[in-house]
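Dumped work35.pdb below, it's PDB, C-alpha atoms:
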MODEL        1
ATOM      1  CA  MET A   1     104.943  97.563 146.686
ATOM      2  CA  GLY A   2     107.246  96.932 149.653
ATOM      3  CA  GLU A   3     111.014  96.591 149.221
ATOM      4  CA  ALA A   4     110.942  92.819 149.699
ATOM      5  CA  GLU A   5     108.480  92.427 146.838
ATOM      6  CA  SER A   6     109.558  95.386 144.802
ATOM      7  CA  VAL A   7     110.391  93.464 141.646
ATOM      8  CA  TYR A   8     107.702  91.799 139.570
ATOM      9  CA  ARG A   9     108.561  89.526 136.661
ATOM     10  CA  LYS A  10     106.486  87.667 134.133
ATOM     11  CA  GLU A  11     107.169  85.955 130.807
ATOM     12  CA  PHE A  12     104.819  86.052 127.864
ATOM     13  CA  PRO A  13     105.359  83.638 124.989
ATOM     14  CA  VAL A  14     104.244  84.885 121.561
ATOM     15  CA  ARG A  15     103.861  82.699 118.464
ATOM     16  CA  GLY A  16     104.512  83.976 114.970
ATOM     17  CA  GLY A  17     101.434  84.010 112.729
ATOM     18  CA  ASP A  18      99.031  83.791 115.653
ATOM     19  CA  PHE A  19      96.864  86.710 114.562
ATOM     20  CA  ALA A  20      93.878  85.407 116.540
ATOM     21  CA  LYS A  21      95.709  86.105 119.804
ATOM     22  CA  ALA A  22      97.228  89.408 118.714
ATOM     23  CA  GLY A  23      97.128  91.889 121.554
ATOM     24  CA  ALA A  24      96.502  89.298 124.272
ATOM     25  CA  ALA A  25      99.941  89.716 125.884
ATOM     26  CA  ALA A  26      99.875  93.505 125.602
ATOM     27  CA  CYS A  27      96.406  93.724 127.150
ATOM     28  CA  GLU A  28      97.460  91.411 129.988
ATOM     29  CA  ILE A  29     100.582  93.504 130.568
ATOM     30  CA  LYS A  30      98.451  96.622 130.659
ATOM     31  CA  GLU A  31      96.089  95.155 133.285
ATOM     32  CA  LEU A  32      99.044  93.940 135.378
ATOM     33  CA  LEU A  33     100.713  97.349 135.368
ATOM     34  CA  LYS A  34      97.442  99.047 136.283
ATOM     35  CA  ASP A  35      96.999  96.597 139.166
ATOM     36  CA  LEU A  36     100.559  97.340 140.309
ATOM     37  CA  GLY A  37      99.589 100.992 140.640
ATOM     38  CA  ILE A  38     101.748 102.368 137.821
ATOM     39  CA  ASP A  39     100.626 105.805 136.592
ATOM     40  CA  ALA A  40      98.215 105.819 133.633
ATOM     41  CA  ALA A  41     100.532 107.580 131.145
ATOM     42  CA  SER A  42     103.351 105.089 131.776
ATOM     43  CA  VAL A  43     100.933 102.158 131.588
ATOM     44  CA  ARG A  44      99.753 103.405 128.202
ATOM     45  CA  ARG A  45     103.311 103.794 126.888
ATOM     46  CA  ALA A  46     104.255 100.322 128.110
ATOM     47  CA  ALA A  47     101.109  98.821 126.589
ATOM     48  CA  ILE A  48     101.815 100.454 123.210
ATOM     49  CA  VAL A  49     105.422  99.202 123.276
ATOM     50  CA  ALA A  50     104.206  95.703 124.190
ATOM     51  CA  TYR A  51     101.502  95.704 121.505
ATOM     52  CA  GLU A  52     103.757  96.931 118.694
ATOM     53  CA  SER A  53     106.395  94.376 119.732
ATOM     54  CA  GLU A  54     103.819  91.601 119.904
ATOM     55  CA  MET A  55     102.497  92.504 116.444
ATOM     56  CA  ASN A  56     106.011  92.519 115.009
ATOM     57  CA  VAL A  57     106.597  89.001 116.335
ATOM     58  CA  ILE A  58     103.235  87.784 115.023
ATOM     59  CA  MET A  59     103.823  89.338 111.604
ATOM     60  CA  TYR A  60     107.489  88.521 111.061
ATOM     61  CA  ALA A  61     109.021  86.061 113.548
ATOM     62  CA  ARG A  62     108.509  82.382 114.375
ATOM     63  CA  GLU A  63     108.250  82.853 118.112
ATOM     64  CA  ALA A  64     109.382  85.087 120.912
ATOM     65  CA  ARG A  65     109.521  85.514 124.614
ATOM     66  CA  MET A  66     108.497  88.812 126.102
ATOM     67  CA  ASP A  67     109.957  89.368 129.560
ATOM     68  CA  LEU A  68     108.308  91.987 131.703
ATOM     69  CA  THR A  69     110.128  93.309 134.757
ATOM     70  CA  VAL A  70     108.581  95.936 136.977
ATOM     71  CA  SER A  71     110.715  97.569 139.621
ATOM     72  CA  PRO A  72     110.429 100.870 141.486
ATOM     73  CA  GLY A  73     110.466 103.710 138.967
ATOM     74  CA  LYS A  74     110.663 101.601 135.836
ATOM     75  CA  VAL A  75     109.087  99.009 133.587
ATOM     76  CA  ARG A  76     111.420  96.931 131.426
ATOM     77  CA  LEU A  77     110.335  94.805 128.488
ATOM     78  CA  VAL A  78     112.746  92.492 126.699
ATOM     79  CA  VAL A  79     111.461  90.904 123.492
ATOM     80  CA  ASP A  80     113.684  88.141 122.198
ATOM     81  CA  ASP A  81     112.504  86.521 118.980
ATOM     82  CA  ARG A  82     113.594  83.716 116.744
ATOM     83  CA  GLY A  83     112.983  84.940 113.253
ATOM     84  CA  PRO A  84     114.476  86.393 110.083
ATOM     85  CA  GLY A  85     116.267  89.263 111.793
ATOM     86  CA  ILE A  86     116.551  92.790 110.412
ATOM     87  CA  PRO A  87     119.237  93.398 107.752
ATOM     88  CA  ASP A  88     119.227  97.194 108.088
ATOM     89  CA  ILE A  89     118.144  98.398 111.531
ATOM     90  CA  GLU A  90     118.472 102.079 110.669
ATOM     91  CA  LEU A  91     116.107 101.616 107.732
ATOM     92  CA  ALA A  92     113.660  99.602 109.863
ATOM     93  CA  LEU A  93     113.572 102.485 112.347
ATOM     94  CA  THR A  94     112.567 104.933 109.615
ATOM     95  CA  GLU A  95     108.941 105.994 109.910
ATOM     96  CA  GLY A  96     106.920 104.621 107.023
ATOM     97  CA  TYR A  97     109.454 101.999 105.929
ATOM     98  CA  SER A  98     107.709  98.644 105.871
ATOM     99  CA  THR A  99     108.123  95.150 104.507
ATOM    100  CA  ALA A 100     104.554  94.176 105.436
ATOM    101  CA  THR A 101     102.423  92.055 103.126
ATOM    102  CA  ALA A 102      99.046  93.153 101.784
ATOM    103  CA  GLU A 103      97.409  90.756 104.257
ATOM    104  CA  MET A 104      99.090  92.472 107.213
ATOM    105  CA  ARG A 105      98.018  95.865 105.927
ATOM    106  CA  GLU A 106      94.429  94.700 105.582
ATOM    107  CA  LEU A 107      94.498  93.963 109.300
ATOM    108  CA  GLY A 108      95.389  97.585 109.945
ATOM    109  CA  PHE A 109      99.097  97.059 110.562
ATOM    110  CA  GLY A 110     102.341  97.220 108.650
ATOM    111  CA  ALA A 111     102.399 100.968 108.102
ATOM    112  CA  GLY A 112     106.054 101.151 108.992
ATOM    113  CA  MET A 113     105.377 102.733 112.351
ATOM    114  CA  GLY A 114     105.987  99.778 114.695
ATOM    115  CA  LEU A 115     109.656 100.129 115.616
ATOM    116  CA  PRO A 116     109.634 103.951 115.426
ATOM    117  CA  ASN A 117     106.604 103.995 117.729
ATOM    118  CA  ILE A 118     108.278 101.597 120.168
ATOM    119  CA  LYS A 119     111.328 103.860 120.246
ATOM    120  CA  ARG A 120     109.180 106.949 120.698
ATOM    121  CA  ASN A 121     107.435 105.489 123.750
ATOM    122  CA  ALA A 122     110.633 104.162 125.346
ATOM    123  CA  ASP A 123     112.968 106.047 127.679
ATOM    124  CA  VAL A 124     115.723 103.558 126.948
ATOM    125  CA  PHE A 125     115.653 101.641 123.655
ATOM    126  CA  ALA A 126     118.141  99.052 122.460
ATOM    127  CA  ILE A 127     117.840  96.786 119.449
ATOM    128  CA  ASP A 128     120.097  93.985 118.370
ATOM    129  CA  SER A 129     119.401  91.793 115.368
ATOM    130  CA  GLU A 130     121.126  89.044 113.464
ATOM    131  CA  VAL A 131     119.866  88.008 110.044
ATOM    132  CA  GLY A 132     118.682  84.415 110.082
ATOM    133  CA  ARG A 133     118.566  84.244 113.872
ATOM    134  CA  GLY A 134     116.338  86.890 115.349
ATOM    135  CA  THR A 135     115.882  90.260 116.969
ATOM    136  CA  ARG A 136     116.139  91.408 120.564
ATOM    137  CA  LEU A 137     114.527  94.565 121.868
ATOM    138  CA  ASP A 138     115.342  95.918 125.323
ATOM    139  CA  ILE A 139     113.038  98.726 126.370
ATOM    140  CA  THR A 140     112.769 100.645 129.602
ATOM    141  CA  ILE A 141     109.967 103.011 130.522
ATOM    142  CA  ARG A 142     110.454 105.205 133.562
ATOM    143  CA  THR A 143     107.294 105.432 135.616
ATOM    144  CA  ASN A 144     105.635 108.026 137.845
ATOM    145  CA  GLY A 145     106.965 110.828 135.693
ATOM    146  CA  HIS A 146     110.646 110.235 136.505
ATOM    147  CA  HIS A 147     111.592 110.505 132.849
ATOM    148  CA  THR A 148     114.810 112.405 133.362
ATOM    149  CA  SER A 149     116.316 110.578 136.332
TER
ATOM    150  CA  MET B   1      83.721 116.835 124.572
ATOM    151  CA  ILE B   2      81.004 114.956 122.743
ATOM    152  CA  VAL B   3      78.625 112.548 124.386
ATOM    153  CA  LEU B   4      77.764 109.111 122.958
ATOM    154  CA  LYS B   5      74.063 109.857 122.457
ATOM    155  CA  ASP B   6      75.013 112.976 120.486
ATOM    156  CA  VAL B   7      77.389 110.907 118.337
ATOM    157  CA  LEU B   8      74.499 108.556 117.543
ATOM    158  CA  ALA B   9      72.276 111.500 116.541
ATOM    159  CA  LEU B  10      75.014 113.248 114.527
ATOM    160  CA  LEU B  11      75.886 110.167 112.462
ATOM    161  CA  ASP B  12      72.464 108.525 112.400
ATOM    162  CA  GLY B  13      74.325 105.752 114.164
ATOM    163  CA  GLU B  14      73.326 102.471 115.703
ATOM    164  CA  LEU B  15      74.795 101.457 119.049
ATOM    165  CA  LEU B  16      76.074  97.880 118.644
ATOM    166  CA  THR B  17      77.112  97.283 122.241
ATOM    167  CA  SER B  18      74.576  96.809 124.992
ATOM    168  CA  GLY B  19      75.059  98.034 128.520
ATOM    169  CA  THR B  20      77.060 101.048 127.352
ATOM    170  CA  ASP B  21      76.559 104.351 129.165
ATOM    171  CA  PRO B  22      74.848 106.765 126.703
ATOM    172  CA  GLY B  23      76.475 109.570 128.681
ATOM    173  CA  ALA B  24      79.995 108.330 127.873
ATOM    174  CA  ALA B  25      81.995 111.323 126.642
ATOM    175  CA  PHE B  26      84.898 111.657 124.213
ATOM    176  CA  ARG B  27      87.548 114.336 124.336
ATOM    177  CA  LYS B  28      88.699 114.103 120.732
ATOM    178  CA  VAL B  29      87.837 112.391 117.482
ATOM    179  CA  PHE B  30      90.425 110.477 115.462
ATOM    180  CA  ALA B  31      89.822 108.888 112.064
ATOM    181  CA  SER B  32      91.946 106.132 110.527
ATOM    182  CA  ASP B  33      91.844 102.655 109.070
ATOM    183  CA  LEU B  34      95.420 102.083 110.205
ATOM    184  CA  MET B  35      95.784 100.780 113.737
ATOM    185  CA  SER B  36      99.448 101.784 113.532
ATOM    186  CA  ASP B  37      98.299 105.402 113.251
ATOM    187  CA  VAL B  38      95.918 104.983 116.181
ATOM    188  CA  LEU B  39      98.794 103.696 118.316
ATOM    189  CA  THR B  40     100.990 106.582 117.194
ATOM    190  CA  SER B  41      98.655 109.547 117.232
ATOM    191  CA  ALA B  42      95.240 109.005 118.864
ATOM    192  CA  GLU B  43      94.966 110.698 122.232
ATOM    193  CA  PRO B  44      93.618 108.871 125.288
ATOM    194  CA  GLY B  45      89.855 109.240 125.619
ATOM    195  CA  SER B  46      89.342 109.700 121.866
ATOM    196  CA  LEU B  47      86.518 108.409 119.709
ATOM    197  CA  LEU B  48      87.866 106.434 116.737
ATOM    198  CA  LEU B  49      86.205 106.528 113.316
ATOM    199  CA  THR B  50      87.329 103.616 111.181
ATOM    200  CA  GLY B  51      86.441 101.434 108.232
ATOM    201  CA  LEU B  52      88.320  98.494 109.728
ATOM    202  CA  ALA B  53      86.017  96.070 111.521
ATOM    203  CA  ASN B  54      88.156  93.291 112.989
ATOM    204  CA  ALA B  55      89.183  92.214 116.505
ATOM    205  CA  HIS B  56      92.424  94.224 116.286
ATOM    206  CA  VAL B  57      90.396  97.414 116.522
ATOM    207  CA  VAL B  58      89.188  96.488 120.012
ATOM    208  CA  SER B  59      92.683  95.395 121.134
ATOM    209  CA  THR B  60      94.174  98.616 119.785
ATOM    210  CA  CYS B  61      91.574 100.725 121.596
ATOM    211  CA  ARG B  62      92.283  98.915 124.854
ATOM    212  CA  VAL B  63      96.020  99.460 124.516
ATOM    213  CA  ALA B  64      95.767 103.108 123.451
ATOM    214  CA  ASP B  65      92.933 104.100 125.850
ATOM    215  CA  VAL B  66      90.605 104.930 122.969
ATOM    216  CA  ALA B  67      87.159 105.323 124.520
ATOM    217  CA  GLY B  68      84.779 104.415 121.681
ATOM    218  CA  VAL B  69      84.584 103.343 118.029
ATOM    219  CA  VAL B  70      82.403 104.319 115.069
ATOM    220  CA  PHE B  71      82.471 101.910 112.123
ATOM    221  CA  VAL B  72      81.738 103.876 108.969
ATOM    222  CA  GLN B  73      80.222 102.965 105.618
ATOM    223  CA  GLY B  74      77.968 100.226 106.990
ATOM    224  CA  LYS B  75      80.853  98.093 108.255
ATOM    225  CA  ARG B  76      79.928  95.832 111.153
ATOM    226  CA  PRO B  77      82.296  93.787 113.280
ATOM    227  CA  ALA B  78      81.614  90.105 114.008
ATOM    228  CA  SER B  79      79.503  89.291 117.061
ATOM    229  CA  ALA B  80      82.579  88.012 118.919
ATOM    230  CA  VAL B  81      84.215  91.409 118.486
ATOM    231  CA  VAL B  82      81.073  93.139 119.800
ATOM    232  CA  ALA B  83      81.005  90.761 122.788
ATOM    233  CA  GLU B  84      84.662  91.518 123.542
ATOM    234  CA  ALA B  85      83.956  95.265 123.407
ATOM    235  CA  GLU B  86      80.945  94.863 125.700
ATOM    236  CA  ALA B  87      83.078  92.939 128.196
ATOM    237  CA  LYS B  88      85.595  95.787 128.219
ATOM    238  CA  GLY B  89      82.983  98.566 128.339
ATOM    239  CA  LEU B  90      83.994  99.936 124.918
ATOM    240  CA  PRO B  91      81.009 101.416 123.032
ATOM    241  CA  LEU B  92      80.791 100.470 119.338
ATOM    242  CA  VAL B  93      78.662 102.422 116.871
ATOM    243  CA  ALA B  94      77.812 101.633 113.244
ATOM    244  CA  THR B  95      76.887 104.273 110.677
ATOM    245  CA  LYS B  96      76.114 104.031 106.989
ATOM    246  CA  MET B  97      77.896 107.323 106.348
ATOM    247  CA  THR B  98      81.209 107.335 104.502
ATOM    248  CA  MET B  99      84.353 108.267 106.402
ATOM    249  CA  PHE B 100      84.333 111.670 104.708
ATOM    250  CA  GLU B 101      80.724 112.376 105.564
ATOM    251  CA  ALA B 102      81.187 111.300 109.183
ATOM    252  CA  CYS B 103      84.321 113.431 109.553
ATOM    253  CA  ALA B 104      82.546 116.383 107.948
ATOM    254  CA  ARG B 105      79.732 116.092 110.482
ATOM    255  CA  PHE B 106      82.216 116.284 113.340
ATOM    256  CA  ALA B 107      84.109 119.112 111.672
ATOM    257  CA  GLY B 108      80.882 121.071 111.563
ATOM    258  CA  LEU B 109      80.755 120.942 115.375
ATOM    259  CA  VAL B 110      84.178 122.466 115.770
ATOM    260  CA  GLU B 111      84.609 126.241 115.673
ATOM    261  CA  ASP B 112      86.132 127.108 112.290
ATOM    262  CA  GLY B 113      85.924 123.407 111.534
ATOM    263  CA  GLY B 114      84.051 124.101 108.321
ATOM    264  CA  HIS B 115      87.235 125.069 106.485
ATOM    265  CA  GLY B 116      87.891 122.872 103.542
ATOM    266  CA  ARG B 117      84.326 121.677 103.212
ATOM    267  CA  GLY B 118      83.142 122.324  99.754
TER
ENDMDL
END
Will you turn the file into structure tokens for me?
Amino acid sequence: MGEAESVYRKEFPVRGGDFAKAGAAACEIKELLKDLGIDAASVRRAAIVAYESEMNVIMYAREARMDLTVSPGKVRLVVDDRGPGIPDIELALTEGYSTATAEMRELGFGAGMGLPNIKRNADVFAIDSEVGRGTRLDITIRTNGHHTS
Amino acid sequence: MIVLKDVLALLDGELLTSGTDPGAAFRKVFASDLMSDVLTSAEPGSLLLTGLANAHVVSTCRVADVAGVVFVQGKRPASAVVAEAEAKGLPLVATKMTMFEACARFAGLVEDGGHGRG
């Protein structure tokens, strides 16, 4: 990417309850990042973050916008949803804690690993939530191995 | 490393996807019905053993760079799921073995992997 075109942005709308399209945004993000020449390990981390975020929206929220920004050395994903919000963020970040329904678990999700796994794959992780309004995740993944810069 | 054709022989498996390279190789084997666990712990290039047979399995494999799937206990995904896997070059295998039996077969291939088998 040259300097003049060094920033790439794309928005992905996600609808709550749309299990049929689950993973579509994450898979598209993964292909885009690969095409942009991002290293494979960073692409995988970004795809996992995107997929877990997308599943959380589908399982719990009404709708969300996922904003992808790719710039030299980093991938940023902001997921802004309109939904129930999270009353206790610390608890929601605890591995294994889950409020998933039996239906969600039958689909192979809702093991209480979503948010912890997003955090684990992020270099910068911020979460802000208001009960009754929604949740905003702001995640940055440093690419090309520059994880400590 | 284990090669797809050897997986088929080991598990008496049936290859569900057409056009898949029988020489495709897998670095590790990971077994779970929870896609959350696959996203957390499966290493890239792994072969996934699972009893879950829905479209989320294929999406999860794409995201996590899982290189192949074995559906245990006679589970078979819908034809649309097989078509999606074929389009993405992801080999899908079906076996009638239980998860335990399939895992035990793989464990038998690993040095000292027989521990715990009664």
Task: region 56-65 of chain A surroundings by only C-alpha atoms, 8 Å radius, close-in-sequence under 2 positions cut, as a list in words - done: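 That gives Glu11, Phe12, Pro13, Val14, Arg15, Gly16, Gly17, Asp18, Phe19, Ala22, Glu52, Ser53, Glu54, Asp67, Val78, Val79, Asp80, Asp81, Arg82, Gly83, Pro84, Ala100, Met104, Gly114 and Gly134 of chain A.
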Would you tabulate, counting all atoms listed in the file, all residues of chain B that have an atom at most 6 Å from an atom of chain A, showing the closest pair of atoms and their distance in Å to one decimal, sorted by chain then ascending number, as a tab-separated table?
residue	atom	partner	partner_atom	distance
B:Leu34	CA	A:Gly108	CA	4.5
B:Met35	CA	A:Gly108	CA	5.0
B:Ser36	CA	A:Phe109	CA	5.6
B:Ser59	CA	A:Gly23	CA	5.7
B:Val63	CA	A:Ala47	CA	5.5
So that each row is one residue of region 34-86 of chain A with an atom at most 7 Å from region 5-10 of chain A, can you give its shortest atom pair and the distance in Å to one decimal, using all atoms listed in the file, rows by chain and rising number, as CSV?
residue,atom,partner,partner_atom,distance
A:Asp67,CA,A:Lys10,CA,6.0
A:Leu68,CA,A:Lys10,CA,5.3
A:Thr69,CA,A:Arg9,CA,4.5
A:Val70,CA,A:Tyr8,CA,5.0
A:Ser71,CA,A:Val7,CA,4.6
A:Pro72,CA,A:Ser6,CA,6.5
Taking the file as shown, find all residues satisfying the PyMOL selection byres ((chain B and resi 98-105) around 7) and write them as a PDB file with C-alpha atoms, in the coordinates of the input.
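Output file expr_9.pdb follows:
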ATOM      1  CA  LEU B  10      75.014 113.248 114.527  1.00  0.00           C
ATOM      2  CA  LEU B  11      75.886 110.167 112.462  1.00  0.00           C
ATOM      3  CA  VAL B  72      81.738 103.876 108.969  1.00  0.00           C
ATOM      4  CA  GLN B  73      80.222 102.965 105.618  1.00  0.00           C
ATOM      5  CA  LYS B  96      76.114 104.031 106.989  1.00  0.00           C
ATOM      6  CA  MET B  97      77.896 107.323 106.348  1.00  0.00           C
ATOM      7  CA  PHE B 106      82.216 116.284 113.340  1.00  0.00           C
ATOM      8  CA  ALA B 107      84.109 119.112 111.672  1.00  0.00           C
ATOM      9  CA  GLY B 108      80.882 121.071 111.563  1.00  0.00           C
ATOM     10  CA  LEU B 109      80.755 120.942 115.375  1.00  0.00           C
TER      11      LEU B 109
END
- [ ] Report the residues retrieved by the PyMOL selection byres ((chain B and resi 27) around 6) from the displayed file, expressed as a PyMOL selection string.
- [x] chain B and resi 1+26+28+45-46
- [ ] Expand the PyMOL selection byres ((chain B and resi 22) around 6) into the individual residues it matches in the shown file, reporting them as an NGL selection string.
- [x] :B and (4-5 or 21 or 23-24)
Serialized region 36-68 of chain A w/ N, CA and C atoms as a tab-separated table (two decimals), in the first residue's frame:
chain	number	residue	atom	x	y	z
A	36	LEU	N	-4.94	-7.53	1.31
A	36	LEU	CA	-4.16	-6.33	1.60
A	36	LEU	C	-2.72	-6.67	1.99
A	37	GLY	N	-2.43	-7.97	2.04
A	37	GLY	CA	-1.06	-8.40	2.30
A	37	GLY	C	-0.66	-8.43	3.76
A	38	ILE	N	-1.65	-8.45	4.66
A	38	ILE	CA	-1.36	-8.54	6.10
A	38	ILE	C	-0.84	-9.95	6.41
A	39	ASP	N	0.08	-10.05	7.36
A	39	ASP	CA	0.66	-11.36	7.68
A	39	ASP	C	-0.41	-12.32	8.23
A	40	ALA	N	-0.18	-13.62	7.97
A	40	ALA	CA	-1.20	-14.64	8.24
A	40	ALA	C	-1.61	-14.70	9.71
A	41	ALA	N	-0.65	-14.55	10.63
A	41	ALA	CA	-0.99	-14.66	12.07
A	41	ALA	C	-1.90	-13.49	12.48
A	42	SER	N	-1.62	-12.30	11.97
A	42	SER	CA	-2.45	-11.14	12.30
A	42	SER	C	-3.83	-11.25	11.66
A	43	VAL	N	-3.86	-11.78	10.44
A	43	VAL	CA	-5.15	-11.98	9.76
A	43	VAL	C	-6.02	-12.92	10.58
A	44	ARG	N	-5.40	-13.98	11.08
A	44	ARG	CA	-6.15	-14.97	11.86
A	44	ARG	C	-6.67	-14.34	13.15
A	45	ARG	N	-5.85	-13.56	13.83
A	45	ARG	CA	-6.30	-12.91	15.07
A	45	ARG	C	-7.45	-11.95	14.79
A	46	ALA	N	-7.31	-11.18	13.72
A	46	ALA	CA	-8.37	-10.22	13.37
A	46	ALA	C	-9.66	-10.95	13.01
A	47	ALA	N	-9.53	-12.07	12.29
A	47	ALA	CA	-10.71	-12.82	11.88
A	47	ALA	C	-11.42	-13.42	13.09
A	48	ILE	N	-10.64	-13.90	14.07
A	48	ILE	CA	-11.24	-14.47	15.28
A	48	ILE	C	-11.96	-13.38	16.07
A	49	VAL	N	-11.32	-12.22	16.20
A	49	VAL	CA	-11.95	-11.08	16.89
A	49	VAL	C	-13.25	-10.70	16.19
A	50	ALA	N	-13.20	-10.62	14.86
A	50	ALA	CA	-14.38	-10.24	14.09
A	50	ALA	C	-15.50	-11.28	14.24
A	51	TYR	N	-15.13	-12.54	14.21
A	51	TYR	CA	-16.12	-13.62	14.28
A	51	TYR	C	-16.79	-13.68	15.65
A	52	GLU	N	-15.99	-13.60	16.71
A	52	GLU	CA	-16.54	-13.62	18.06
A	52	GLU	C	-17.45	-12.40	18.27
A	53	SER	N	-17.03	-11.25	17.76
A	53	SER	CA	-17.84	-10.03	17.89
A	53	SER	C	-19.15	-10.18	17.12
A	54	GLU	N	-19.03	-10.70	15.91
A	54	GLU	CA	-20.21	-10.89	15.06
A	54	GLU	C	-21.20	-11.85	15.74
A	55	MET	N	-20.67	-12.93	16.32
A	55	MET	CA	-21.55	-13.90	16.99
A	55	MET	C	-22.22	-13.27	18.20
A	56	ASN	N	-21.48	-12.44	18.93
A	56	ASN	CA	-22.07	-11.78	20.10
A	56	ASN	C	-23.24	-10.89	19.68
A	57	VAL	N	-23.08	-10.17	18.59
A	57	VAL	CA	-24.15	-9.30	18.09
A	57	VAL	C	-25.35	-10.16	17.68
A	58	ILE	N	-25.08	-11.23	16.94
A	58	ILE	CA	-26.16	-12.09	16.45
A	58	ILE	C	-26.91	-12.74	17.61
A	59	MET	N	-26.17	-13.12	18.65
A	59	MET	CA	-26.79	-13.82	19.77
A	59	MET	C	-27.51	-12.88	20.73
A	60	TYR	N	-26.96	-11.68	20.93
A	60	TYR	CA	-27.48	-10.84	22.02
A	60	TYR	C	-28.06	-9.49	21.62
A	61	ALA	N	-27.58	-8.89	20.53
A	61	ALA	CA	-27.96	-7.50	20.23
A	61	ALA	C	-29.03	-7.44	19.15
A	62	ARG	N	-29.56	-6.24	18.91
A	62	ARG	CA	-30.54	-6.06	17.83
A	62	ARG	C	-29.83	-5.84	16.51
A	63	GLU	N	-28.82	-4.99	16.55
A	63	GLU	CA	-28.04	-4.73	15.33
A	63	GLU	C	-26.74	-4.07	15.72
A	64	ALA	N	-25.82	-4.06	14.77
A	64	ALA	CA	-24.53	-3.43	15.04
A	64	ALA	C	-23.88	-3.01	13.74
A	65	ARG	N	-22.92	-2.14	13.90
A	65	ARG	CA	-22.07	-1.78	12.78
A	65	ARG	C	-20.64	-2.15	13.17
A	66	MET	N	-20.01	-2.89	12.29
A	66	MET	CA	-18.60	-3.21	12.52
A	66	MET	C	-17.79	-2.36	11.56
A	67	ASP	N	-16.92	-1.54	12.10
A	67	ASP	CA	-16.06	-0.68	11.28
A	67	ASP	C	-14.64	-1.21	11.26
A	68	LEU	N	-14.19	-1.53	10.08
A	68	LEU	CA	-12.83	-2.04	9.91
A	68	LEU	C	-11.95	-0.92	9.36
